[in-house]
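Novice: mmCIF, C-alpha atoms, file entry_37.cif:
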```
data_input
loop_
_atom_site.label_atom_id
_atom_site.label_comp_id
_atom_site.auth_asym_id
_atom_site.auth_seq_id
_atom_site.Cartn_x
_atom_site.Cartn_y
_atom_site.Cartn_z
CA MET A 3 270.69 339.17 -29.64
CA THR A 4 268.83 336.96 -32.12
CA LYS A 5 265.49 338.33 -33.25
CA ALA A 6 262.28 336.27 -33.29
CA VAL A 7 258.78 337.11 -34.47
CA VAL A 8 256.20 335.75 -32.02
CA LEU A 9 252.54 335.47 -33.01
CA LEU A 10 250.59 336.77 -30.05
CA SER A 11 246.82 336.45 -29.95
CA GLY A 12 246.44 337.57 -26.36
CA GLY A 13 245.34 334.12 -25.19
CA LEU A 14 246.94 331.65 -22.81
CA ASP A 15 248.91 329.66 -25.38
CA SER A 16 250.54 332.54 -27.21
CA ALA A 17 251.42 334.33 -23.94
CA THR A 18 253.25 331.17 -22.85
CA THR A 19 254.94 330.94 -26.26
CA LEU A 20 256.21 334.50 -25.94
CA ALA A 21 257.61 333.73 -22.47
CA ILE A 22 259.34 330.62 -23.84
CA ALA A 23 260.88 332.54 -26.76
CA ARG A 24 262.17 335.21 -24.39
CA ASP A 25 263.49 332.53 -22.02
CA ARG A 26 265.40 330.97 -24.93
CA GLY A 27 267.21 334.29 -25.34
CA TYR A 28 265.40 335.80 -28.32
CA GLU A 29 264.68 339.47 -28.77
CA CYS A 30 260.93 339.15 -29.30
CA TYR A 31 258.87 341.06 -31.88
CA ALA A 32 255.25 340.31 -31.03
CA LEU A 33 252.73 340.28 -33.88
CA SER A 34 248.97 340.29 -33.42
CA ILE A 35 246.50 339.98 -36.26
CA ASP A 36 243.27 341.90 -36.17
CA TYR A 37 241.24 339.67 -38.48
CA ALA A 38 237.89 341.17 -37.50
CA GLN A 39 237.50 338.43 -34.91
CA ARG A 40 234.42 338.35 -32.73
CA HIS A 41 236.59 338.43 -29.61
CA GLY A 42 238.38 341.71 -30.28
CA ALA A 43 239.15 341.92 -26.55
CA GLU A 44 242.02 339.49 -27.15
CA LEU A 45 243.88 342.24 -29.04
CA VAL A 46 243.68 344.49 -25.98
CA ALA A 47 244.97 341.54 -23.95
CA ALA A 48 247.78 341.02 -26.48
CA GLU A 49 249.02 344.53 -25.83
CA ARG A 50 249.08 343.95 -22.06
CA VAL A 51 250.82 340.60 -22.49
CA ALA A 52 253.44 341.97 -24.91
CA ARG A 53 254.34 344.68 -22.40
CA SER A 54 254.39 342.46 -19.32
CA THR A 55 256.32 339.63 -20.99
CA GLY A 56 259.09 341.81 -22.34
CA ALA A 57 258.47 341.94 -26.09
CA CYS A 58 260.74 344.62 -27.56
CA GLU A 59 258.01 345.64 -30.00
CA HIS A 60 254.35 344.81 -30.62
CA ARG A 61 252.47 345.38 -33.87
CA ILE A 62 248.85 344.75 -34.76
CA VAL A 63 248.18 344.19 -38.45
CA ARG A 64 244.66 344.22 -39.78
CA VAL A 65 243.35 341.79 -42.39
CA ASP A 66 239.62 341.55 -42.86
CA LEU A 67 238.79 337.83 -42.81
CA ALA A 68 235.15 338.74 -42.22
CA ALA A 69 235.18 339.48 -45.98
CA PHE A 70 235.21 335.69 -46.43
CA GLY A 71 233.29 334.59 -43.32
CA GLY A 72 232.82 330.83 -42.92
CA SER A 73 233.56 330.73 -39.20
CA ALA A 74 231.75 331.51 -35.95
CA LEU A 75 234.68 333.80 -35.14
CA THR A 76 234.35 335.95 -38.27
CA ASP A 77 230.66 335.72 -39.14
CA ALA A 78 228.26 337.16 -36.58
CA SER A 79 225.43 335.01 -37.95
CA ILE A 80 227.18 331.76 -36.89
CA ALA A 81 226.86 331.20 -33.12
CA VAL A 82 229.79 330.11 -30.94
CA PRO A 83 228.92 326.63 -29.58
CA THR A 84 228.51 326.51 -25.80
CA GLU A 85 227.22 322.97 -25.19
CA GLY A 86 230.62 321.37 -24.71
CA ILE A 87 233.42 320.04 -26.88
CA LYS A 88 232.44 317.65 -29.67
CA ALA A 89 234.39 315.47 -32.11
CA GLY A 90 235.38 316.89 -35.51
CA ILE A 91 236.37 320.34 -36.72
CA PRO A 92 234.36 322.98 -34.85
CA VAL A 93 232.59 325.98 -36.46
CA THR A 94 235.09 328.22 -34.68
CA TYR A 95 237.71 326.99 -37.16
CA VAL A 96 238.74 330.01 -39.29
CA PRO A 97 239.70 328.92 -42.84
CA ALA A 98 243.46 329.24 -43.40
CA ARG A 99 243.92 331.40 -40.29
CA ASN A 100 247.26 330.03 -39.17
CA THR A 101 248.54 330.08 -42.76
CA ILE A 102 247.62 333.75 -43.08
CA MET A 103 249.14 334.60 -39.68
CA LEU A 104 252.35 332.71 -40.35
CA SER A 105 252.59 334.40 -43.77
CA LEU A 106 252.37 337.82 -42.15
CA ALA A 107 254.94 336.77 -39.54
CA LEU A 108 257.17 335.63 -42.40
CA ALA A 109 256.90 339.06 -44.03
CA TRP A 110 257.87 340.87 -40.83
CA ALA A 111 260.66 338.38 -40.09
CA GLU A 112 262.18 339.01 -43.49
CA VAL A 113 262.07 342.78 -43.06
CA LEU A 114 263.61 342.46 -39.56
CA GLY A 115 266.30 339.99 -40.67
CA SER A 116 264.86 337.34 -38.34
CA TYR A 117 264.93 333.61 -39.08
CA ASP A 118 262.81 332.44 -36.17
CA ILE A 119 259.02 332.53 -35.94
CA PHE A 120 257.14 331.30 -32.87
CA ILE A 121 253.50 330.18 -32.89
CA GLY A 122 251.52 328.79 -29.96
CA VAL A 123 249.65 326.03 -31.77
CA ASN A 124 248.81 322.93 -29.83
CA ALA A 125 247.80 319.57 -31.26
CA VAL A 126 246.87 317.77 -28.05
CA ASP A 127 243.96 319.57 -26.48
CA TYR A 128 242.67 320.89 -29.81
CA SER A 129 243.28 318.35 -32.50
CA GLY A 130 240.16 319.53 -34.32
CA TYR A 131 242.03 322.32 -36.14
CA PRO A 132 243.97 321.03 -39.19
CA ASP A 133 246.50 323.87 -39.02
CA CYS A 134 247.61 322.99 -35.49
CA ARG A 135 249.25 319.69 -36.46
CA PRO A 136 253.03 319.08 -36.56
CA GLU A 137 252.93 317.97 -40.22
CA TYR A 138 251.27 321.26 -41.15
CA ILE A 139 253.91 323.31 -39.32
CA ALA A 140 256.70 321.31 -41.01
CA ALA A 141 255.14 321.91 -44.44
CA PHE A 142 254.82 325.64 -43.78
CA GLU A 143 258.48 325.78 -42.74
CA GLN A 144 259.52 324.00 -45.92
CA MET A 145 257.47 326.40 -48.07
CA ALA A 146 258.81 329.43 -46.19
CA ASN A 147 262.34 328.30 -46.93
CA LEU A 148 261.59 328.62 -50.65
CA ALA A 149 259.53 331.81 -50.42
CA THR A 150 261.91 334.53 -49.34
CA LYS A 151 264.96 336.43 -50.42
CA ALA A 152 266.57 335.47 -47.09
CA ALA A 153 266.09 331.78 -47.91
CA ILE A 154 267.58 332.20 -51.39
CA GLU A 155 270.58 333.84 -49.75
CA GLY A 156 271.12 330.67 -47.71
CA ASN A 157 269.52 331.53 -44.37
CA ARG A 158 267.47 328.75 -42.81
CA LEU A 159 264.14 329.88 -41.36
CA SER A 160 262.58 327.94 -38.47
CA ILE A 161 258.96 327.81 -37.35
CA HIS A 162 258.95 327.06 -33.62
CA ALA A 163 255.81 325.55 -32.10
CA PRO A 164 256.99 324.84 -28.55
CA LEU A 165 253.53 323.92 -27.23
CA ILE A 166 252.55 321.56 -30.02
CA SER A 167 252.76 318.36 -28.01
CA LEU A 168 251.92 319.72 -24.55
CA SER A 169 248.62 319.37 -22.69
CA LYS A 170 246.90 322.55 -21.50
CA ALA A 171 247.99 321.77 -17.92
CA GLU A 172 251.63 321.36 -19.02
CA ILE A 173 251.44 324.67 -20.89
CA ILE A 174 250.11 326.43 -17.80
CA ARG A 175 252.75 324.88 -15.51
CA GLN A 176 255.52 325.94 -17.87
CA GLY A 177 254.09 329.48 -18.13
CA ILE A 178 253.84 329.82 -14.35
CA LEU A 179 257.51 328.81 -14.04
CA LEU A 180 258.38 331.55 -16.56
CA GLY A 181 256.32 334.16 -14.71
CA VAL A 182 253.39 334.52 -17.12
CA ASP A 183 250.49 336.44 -15.59
CA TYR A 184 247.51 334.55 -17.01
CA GLY A 185 245.17 337.11 -15.49
CA LEU A 186 246.22 339.39 -18.37
CA THR A 187 245.22 336.91 -21.09
CA VAL A 188 241.87 336.44 -22.81
CA SER A 189 241.00 333.06 -24.41
CA CYS A 190 237.19 333.23 -24.61
CA TYR A 191 235.75 333.13 -28.14
CA GLN A 192 233.04 335.55 -27.13
CA ALA A 193 234.76 337.71 -24.53
CA ASP A 194 232.96 341.00 -24.01
CA ALA A 195 234.56 344.39 -24.57
CA ALA A 196 235.96 344.35 -21.03
CA GLY A 197 237.59 340.96 -21.68
CA LEU A 198 235.20 339.03 -19.40
CA ALA A 199 234.92 335.36 -20.40
CA CYS A 200 231.69 333.44 -21.10
CA GLY A 201 232.94 330.28 -19.37
CA VAL A 202 231.03 327.94 -21.67
CA CYS A 203 232.64 328.10 -25.14
CA ASP A 204 235.17 325.39 -26.09
CA SER A 205 238.09 327.73 -25.47
CA CYS A 206 236.85 328.62 -21.96
CA ARG A 207 236.22 324.94 -21.15
CA LEU A 208 239.70 323.86 -22.26
CA ARG A 209 241.29 326.72 -20.37
CA ARG A 210 239.38 326.08 -17.16
CA ALA A 211 240.08 322.33 -17.31
CA GLY A 212 243.76 323.19 -17.83
CA PHE A 213 243.95 325.25 -14.65
CA THR A 214 242.15 322.49 -12.73
CA ALA A 215 244.50 319.79 -14.05
CA ALA A 216 247.56 321.97 -13.38
CA GLU A 217 246.27 322.59 -9.84
CA VAL A 218 246.73 326.31 -10.34
CA PRO A 219 244.05 328.85 -9.32
CA ASP A 220 242.14 330.07 -12.40
CA PRO A 221 242.69 333.84 -12.69
CA THR A 222 240.15 334.22 -15.53
CA ARG A 223 237.62 337.00 -15.08
CA TYR A 224 234.26 335.47 -15.90
CA ARG A 225 231.00 337.31 -16.50
CA ALA A 226 228.83 337.82 -13.41
CA SER A 227 226.03 335.68 -14.81
CA LEU A 228 228.12 332.51 -14.32
CA MET B 31 230.56 324.42 -62.83
CA THR B 32 233.81 324.04 -60.88
CA LYS B 33 234.79 327.08 -58.84
CA ALA B 34 238.26 328.61 -58.90
CA VAL B 35 239.76 331.50 -56.96
CA VAL B 36 241.93 333.64 -59.25
CA LEU B 37 244.39 336.14 -57.81
CA LEU B 38 243.97 339.28 -59.87
CA SER B 39 246.36 342.19 -59.44
CA GLY B 40 245.10 344.17 -62.39
CA GLY B 41 248.30 343.66 -64.37
CA LEU B 42 248.98 341.84 -67.61
CA ASP B 43 249.90 338.46 -66.14
CA SER B 44 246.95 338.06 -63.80
CA ALA B 45 244.47 339.25 -66.47
CA THR B 46 245.81 336.51 -68.76
CA THR B 47 245.58 333.99 -65.92
CA LEU B 48 241.93 334.86 -65.34
CA ALA B 49 241.21 334.42 -69.05
CA ILE B 50 242.95 331.02 -69.00
CA ALA B 51 241.00 329.85 -65.93
CA ARG B 52 237.74 330.90 -67.54
CA ASP B 53 238.75 329.21 -70.81
CA ARG B 54 239.40 325.98 -68.87
CA GLY B 55 235.77 326.07 -67.78
CA TYR B 56 236.06 327.37 -64.22
CA GLU B 57 233.58 329.68 -62.55
CA CYS B 58 236.04 332.38 -61.53
CA TYR B 59 236.09 334.22 -58.19
CA ALA B 60 238.62 337.02 -58.63
CA LEU B 61 240.54 338.16 -55.55
CA SER B 62 242.60 341.34 -55.36
CA ILE B 63 244.71 342.30 -52.39
CA ASP B 64 244.98 345.91 -51.35
CA TYR B 65 248.32 345.72 -49.53
CA ALA B 66 248.84 349.48 -49.44
CA GLN B 67 250.87 349.18 -52.64
CA ARG B 68 252.32 352.29 -54.22
CA HIS B 69 250.53 351.55 -57.47
CA GLY B 70 246.96 351.57 -56.14
CA ALA B 71 245.77 352.19 -59.71
CA GLU B 72 246.19 348.46 -60.34
CA LEU B 73 243.21 347.78 -58.05
CA VAL B 74 241.01 350.01 -60.20
CA ALA B 75 242.33 348.10 -63.21
CA ALA B 76 241.56 344.79 -61.45
CA GLU B 77 237.93 345.76 -61.18
CA ARG B 78 237.74 346.58 -64.91
CA VAL B 79 239.53 343.34 -65.82
CA ALA B 80 237.31 341.19 -63.56
CA ARG B 81 234.23 342.62 -65.24
CA SER B 82 235.49 342.39 -68.81
CA THR B 83 236.95 338.89 -68.43
CA GLY B 84 233.81 337.35 -66.95
CA ALA B 85 234.67 336.76 -63.29
CA CYS B 86 231.46 335.84 -61.47
CA GLU B 87 232.58 337.80 -58.41
CA HIS B 88 235.43 340.14 -57.48
CA ARG B 89 236.57 340.96 -53.96
CA ILE B 90 239.28 343.28 -52.73
CA VAL B 91 240.72 342.40 -49.31
CA ARG B 92 242.92 344.86 -47.49
CA VAL B 93 246.04 343.88 -45.56
CA ASP B 94 248.43 346.63 -44.59
CA LEU B 95 251.90 345.44 -45.63
CA ALA B 96 253.13 349.01 -45.30
CA ALA B 97 253.14 348.19 -41.57
CA PHE B 98 256.26 346.13 -42.30
CA GLY B 99 257.71 348.08 -45.24
CA GLY B 100 260.94 346.68 -46.67
CA SER B 101 260.01 347.17 -50.33
CA ALA B 102 259.88 350.01 -52.84
CA LEU B 103 256.23 349.06 -53.38
CA THR B 104 255.18 349.44 -49.72
CA ASP B 105 257.62 352.04 -48.38
CA ALA B 106 257.40 355.51 -49.95
CA SER B 107 260.98 356.27 -48.86
CA ILE B 108 262.43 353.54 -51.14
CA ALA B 109 262.44 354.67 -54.79
CA VAL B 110 261.32 352.42 -57.64
CA PRO B 111 264.39 351.78 -59.84
CA THR B 112 264.10 353.21 -63.35
CA GLU B 113 267.59 352.64 -64.80
CA GLY B 114 266.88 349.23 -66.32
CA ILE B 115 266.70 345.64 -65.14
CA LYS B 116 269.64 344.36 -63.09
CA ALA B 117 270.68 340.93 -61.78
CA GLY B 118 269.54 339.83 -58.32
CA ILE B 119 266.39 340.40 -56.29
CA PRO B 120 265.10 343.94 -56.91
CA VAL B 121 263.95 346.38 -54.19
CA THR B 122 260.43 346.04 -55.60
CA TYR B 123 260.34 342.54 -54.08
CA VAL B 124 257.67 342.59 -51.33
CA PRO B 125 258.58 340.18 -48.50
CA ALA B 126 256.29 337.14 -48.47
CA ARG B 127 253.77 338.80 -50.80
CA ASN B 128 252.78 335.76 -52.82
CA THR B 129 252.61 333.65 -49.65
CA ILE B 130 250.22 336.15 -48.08
CA MET B 131 248.12 336.42 -51.25
CA LEU B 132 247.92 332.64 -51.74
CA SER B 133 246.98 332.27 -48.04
CA LEU B 134 244.09 334.68 -48.48
CA ALA B 135 243.03 332.88 -51.67
CA LEU B 136 243.17 329.62 -49.70
CA ALA B 137 240.82 331.06 -47.08
CA TRP B 138 238.29 332.19 -49.67
CA ALA B 139 238.59 328.90 -51.59
CA GLU B 140 237.79 326.95 -48.46
CA VAL B 141 234.73 329.09 -47.71
CA LEU B 142 233.54 328.76 -51.34
CA GLY B 143 234.19 325.00 -51.49
CA SER B 144 236.75 325.52 -54.25
CA TYR B 145 239.85 323.35 -54.70
CA ASP B 146 241.52 325.36 -57.45
CA ILE B 147 243.56 328.54 -57.03
CA PHE B 148 245.12 330.37 -59.98
CA ILE B 149 248.09 332.73 -59.70
CA GLY B 150 249.87 334.52 -62.54
CA VAL B 151 253.45 334.08 -61.38
CA ASN B 152 256.10 333.78 -64.02
CA ALA B 153 259.63 332.45 -63.53
CA VAL B 154 261.07 333.28 -66.95
CA ASP B 155 261.02 337.01 -67.39
CA TYR B 156 261.25 337.70 -63.67
CA SER B 157 263.41 335.10 -62.01
CA GLY B 158 264.50 337.66 -59.43
CA TYR B 159 261.49 337.00 -57.17
CA PRO B 160 261.91 333.85 -55.02
CA ASP B 161 258.17 333.31 -54.71
CA CYS B 162 257.67 333.05 -58.48
CA ARG B 163 259.56 329.76 -58.84
CA PRO B 164 257.93 326.37 -59.55
CA GLU B 165 259.47 324.77 -56.44
CA TYR B 166 257.90 327.48 -54.29
CA ILE B 167 254.45 326.95 -55.83
CA ALA B 168 254.76 323.18 -55.31
CA ALA B 169 255.73 323.68 -51.64
CA PHE B 170 252.79 326.03 -51.08
CA GLU B 171 250.43 323.48 -52.60
CA GLN B 172 251.79 320.75 -50.33
CA MET B 173 251.38 322.97 -47.26
CA ALA B 174 247.85 323.99 -48.31
CA ASN B 175 246.88 320.34 -48.55
CA LEU B 176 247.65 319.97 -44.84
CA ALA B 177 246.22 323.32 -43.74
CA THR B 178 242.51 323.10 -44.31
CA LYS B 179 239.40 321.28 -43.21
CA ALA B 180 238.74 320.52 -46.89
CA ALA B 181 242.11 318.80 -47.17
CA ILE B 182 241.51 316.72 -44.03
CA GLU B 183 238.21 315.65 -45.55
CA GLY B 184 240.12 314.23 -48.53
CA ASN B 185 239.79 316.98 -51.13
CA ARG B 186 242.93 317.72 -53.12
CA LEU B 187 243.67 321.41 -53.58
CA SER B 188 245.65 322.57 -56.63
CA ILE B 189 247.63 325.76 -57.12
CA HIS B 190 247.63 326.53 -60.85
CA ALA B 191 250.38 328.77 -62.21
CA PRO B 192 249.71 328.54 -65.96
CA LEU B 193 252.20 331.28 -66.91
CA ILE B 194 255.11 330.01 -64.86
CA SER B 195 257.25 328.84 -67.77
CA LEU B 196 256.07 331.27 -70.46
CA SER B 197 257.90 334.32 -71.76
CA LYS B 198 256.12 337.68 -71.63
CA ALA B 199 255.56 337.50 -75.40
CA GLU B 200 254.01 334.03 -75.09
CA ILE B 201 251.74 335.27 -72.30
CA ILE B 202 250.57 338.19 -74.45
CA ARG B 203 249.95 335.98 -77.47
CA GLN B 204 247.91 333.56 -75.40
CA GLY B 205 245.92 336.41 -73.86
CA ILE B 206 245.16 337.95 -77.25
CA LEU B 207 243.84 334.58 -78.46
CA LEU B 208 241.55 334.50 -75.40
CA GLY B 209 240.30 338.04 -76.00
CA VAL B 210 242.08 339.85 -73.14
CA ASP B 211 241.93 343.62 -73.52
CA TYR B 212 245.39 344.63 -72.27
CA GLY B 213 244.40 348.27 -72.53
CA LEU B 214 242.44 347.71 -69.31
CA THR B 215 245.44 346.43 -67.35
CA VAL B 216 248.03 348.36 -65.32
CA SER B 217 251.50 346.87 -64.72
CA CYS B 218 253.55 349.96 -63.85
CA TYR B 219 255.03 350.01 -60.31
CA GLN B 220 254.45 353.72 -60.10
CA ALA B 221 251.32 354.21 -62.16
CA ASP B 222 249.60 357.48 -61.36
CA ALA B 223 246.06 357.74 -60.05
CA ALA B 224 244.70 357.69 -63.61
CA GLY B 225 246.62 354.47 -64.30
CA LEU B 226 249.16 356.11 -66.64
CA ALA B 227 252.44 354.17 -66.78
CA CYS B 228 255.94 355.58 -66.18
CA GLY B 229 257.49 353.52 -68.98
CA VAL B 230 260.85 353.15 -67.21
CA CYS B 231 260.38 350.87 -64.18
CA ASP B 232 261.27 347.18 -64.52
CA SER B 233 257.63 346.21 -64.88
CA CYS B 234 257.04 348.73 -67.69
CA ARG B 235 260.23 347.62 -69.45
CA LEU B 236 259.30 343.92 -69.31
CA ARG B 237 255.79 344.66 -70.48
CA ARG B 238 256.86 346.85 -73.38
CA ALA B 239 259.52 344.35 -74.50
CA GLY B 240 256.83 341.65 -74.36
CA PHE B 241 254.52 343.52 -76.75
CA THR B 242 257.45 344.16 -79.09
CA ALA B 243 258.52 340.49 -79.04
CA ALA B 244 254.92 339.33 -79.51
CA GLU B 245 254.57 341.76 -82.43
CA VAL B 246 251.39 343.14 -80.92
CA PRO B 247 250.68 346.90 -80.67
CA ASP B 248 251.30 348.10 -77.09
CA PRO B 249 248.00 349.49 -75.74
CA THR B 250 249.60 350.86 -72.56
CA ARG B 251 248.72 354.45 -71.71
CA TYR B 252 252.02 356.15 -70.86
CA ARG B 253 252.48 359.53 -69.21
CA ALA B 254 252.81 362.46 -71.59
CA SER B 255 256.36 363.18 -70.44
CA LEU B 256 257.67 360.09 -72.22
#
```
Take the structure in this file and express it as structure tokens.
Specialist:
Amino acid sequence: MTKAVVLLSGGLDSATTLAIARDRGYECYALSIDYAQRHGAELVAAERVARSTGACEHRIVRVDLAAFGGSALTDASIAVPTEGIKAGIPVTYVPARNTIMLSLALAWAEVLGSYDIFIGVNAVDYSGYPDCRPEYIAAFEQMANLATKAAIEGNRLSIHAPLISLSKAEIIRQGILLGVDYGLTVSCYQADAAGLACGVCDSCRLRRAGFTAAEVPDPTRYRASL
Amino acid sequence: MTKAVVLLSGGLDSATTLAIARDRGYECYALSIDYAQRHGAELVAAERVARSTGACEHRIVRVDLAAFGGSALTDASIAVPTEGIKAGIPVTYVPARNTIMLSLALAWAEVLGSYDIFIGVNAVDYSGYPDCRPEYIAAFEQMANLATKAAIEGNRLSIHAPLISLSKAEIIRQGILLGVDYGLTVSCYQADAAGLACGVCDSCRLRRAGFTAAEVPDPTRYRASL
């Protein structure tokens, strides 16, 4: 069976990506990054999702991006916006996050002898993040193919971003077909320790609108105050 | 003053790189990565070097590459070779290490508002590492210029690798001219806690041959057993 490393945040998109990778016949090694994110509950969710979606292994690697700050997700003094989605790059953007995560996936892939990395980035519903665009993914793939011993030995590494051109509703419909239990996932940027969602951050809004557009009941557990 | 992030391992090459960046007029933010490397003494050296070479700030960020293993530097069960330098990629190669380090430097650069990253890679004396080649550095730079908010806003980020085509002797001569105190640096892959070098690993051999070729006294502190 061909091995793949799948970046798994514990949110809706990465859970769907893991299900897609498994459906394509890969033996899936799920990798979560504990980057000192505000919403640590997503790592607990990642563990549940890895188990329920049939990952053969799940690792959590810690890298302290709070040492740099610069994002509402890594600096407690910057509030998560809750007034609705605006144009431009939001303060929840974490500098170089996908580059760091893909780099760590690349390291594990090389140790495993895997030439396939999956990441659940999506350019449609969230075009505000520079590192979710197809041209970025292509450039990372090109760099990765010069970076490793495996590449020098003639193996071609692929970065798969199967959700990149899908809407949130399309992602959800595809996940439902593949049996993803979205009740296990946590997308909220300020989920509490129990994984309950705020309902008003950009991530909650996009997720909720996705379930509505997909005409699928929203299994998200919101806080009682909503 | 223009800010630069300088990757600083604590070894000879990165100390020289820091001195070059400072000499070119940059305000230098030194970044060391604690990746659970066998030779943790290099991080202590990095702190000394950052101070003595005039970095305005020095941060150590931890990322546990021992979670993946696959290298003599991150897996205690793989011995560091001591029989002399051989052809091919050595077992001291750490999968995706430079990609991970440059990614972290990219994150800090973006938070600082810096568009210049320095790394002390060298393709001449150590062509065995894939991520020390000019084509790799160029591909990383291209990727980085698609990855960040700064790039989207039209700022051009540069990855500087000033040592890439120099021999070890040329690096040492340049460093001496710039006042680098190589007695503060640690290059040995299996330096002990006090920073004393083994003298027989590939890194020690390259370093010692460099001082000989540069006709500069070798200030390295070797273990008494040598």
Novice: Record the distance separating CA of Pro132 (chain A) and CA of Lys179 (chain B), expressed in Å with one decimal.
Specialist: 6.1 Å
Novice: I need the output of the PyMOL selection byres ((chain A and resi 121) around 6) for this file as an MDAnalysis selection string; which residues are they?
Specialist: chainID A and resid 9 120 122:123 163
Novice: Take the point (236.3, 317.0, -34.8) as written in the file and pick out every residue within 12 Å of it, counting all atoms listed in the file; give the list as a ChimeraX atom specification.
Specialist: /A:87-95,127-132 /B:179,182-183
Novice: Please determine, counting only C-alpha atoms, which residue among A:Thr187, A:Ser116, A:Asn147, A:Thr214 has the shortest atom-to-atom distance to Leu14 (chain A).
Specialist: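 Closest to Leu14 (chain A), using only C-alpha atoms: A:Thr187.
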Novice: Please write the residues picked by the PyMOL selection byres ((chain B) within 9 of (chain A)) on this file as a PyMOL selection string.
Specialist: chain B and resi 89-95+97-101+119+123-134+136-142+159-163+165-179+181-182
Novice: With all atoms listed in the file as the counted atoms, please give the residues lying no more than 6 Å from Ile147 (chain B), apart from itself and same-chain residues fewer than 6 positions off, as a VMD selection string.
Specialist: chain B and resid 34 to 36 189 to 190
Novice: Would you write out those residues with C-alpha atoms, as a PDB file, in the coordinates of the input?
Specialist:
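Dumped to out11.pdb:
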```pdb
ATOM      1  CA  ALA B  34     238.260 328.610 -58.900  1.00  0.00           C
ATOM      2  CA  VAL B  35     239.760 331.500 -56.960  1.00  0.00           C
ATOM      3  CA  VAL B  36     241.930 333.640 -59.250  1.00  0.00           C
ATOM      4  CA  ILE B 189     247.630 325.760 -57.120  1.00  0.00           C
ATOM      5  CA  HIS B 190     247.630 326.530 -60.850  1.00  0.00           C
TER       6      HIS B 190
END
```
Novice: One decimal, in Å: what's the spacing between CA of Glu59 (chain A) and CA of Asp118 (chain A)?
Specialist: 15.3 Å
Novice: Hey, what comes out of the PyMOL selection byres ((chain B and resi 113) around 10) on this file? Could you write it as number ranges by chain?
Specialist: B: 110-112, 114-116, 230-232
Novice: In file coordinates, which residues lie within 8 Å of (236.5, 338.0, -32.5) using only C-alpha atoms, given as a PyMOL selection string?
Specialist: chain A and resi 37-44+75-76+191-192
Novice: Expressed in Å to a single decimal, how great is the separation between CA of Arg223 (chain A) and CA of Val182 (chain A)?
Specialist: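 Going from CA of Arg223 (chain A) over to CA of Val182 (chain A), I get 16.1 Å.
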Novice: Taking 3 positions as the minimum chain separation for residues in the same chain, which residues sit within 6 Å of Ala199 (chain A) when counting only C-alpha atoms? Answer as an MDAnalysis selection string.
Specialist: chainID A and resid 190 193 224:225
Novice: Neighbouring residues of Ser167 (chain A) were defined as those with any atom within 7 Å, considering only C-alpha atoms; residues of the same chain fewer than 4 positions away were excluded. Please report them as an NGL selection string.
Specialist: :A and (124-126)
Novice: Taking into account only C-alpha atoms, which residue in the set B:Leu187, B:Leu208, B:Ala109, B:Ile201 is nearest to Arg52 (chain B)?
Specialist: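 Using only C-alpha atoms, Arg52 (chain B) sits closest to B:Leu208.
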Novice: With distances taken over only C-alpha atoms, which of A:Gly27, A:Pro164, A:Gly185, A:Gly177 is nearest to Thr4 (chain A)?
Specialist: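 Result for the nearest residue to Thr4 (chain A): A:Gly27.
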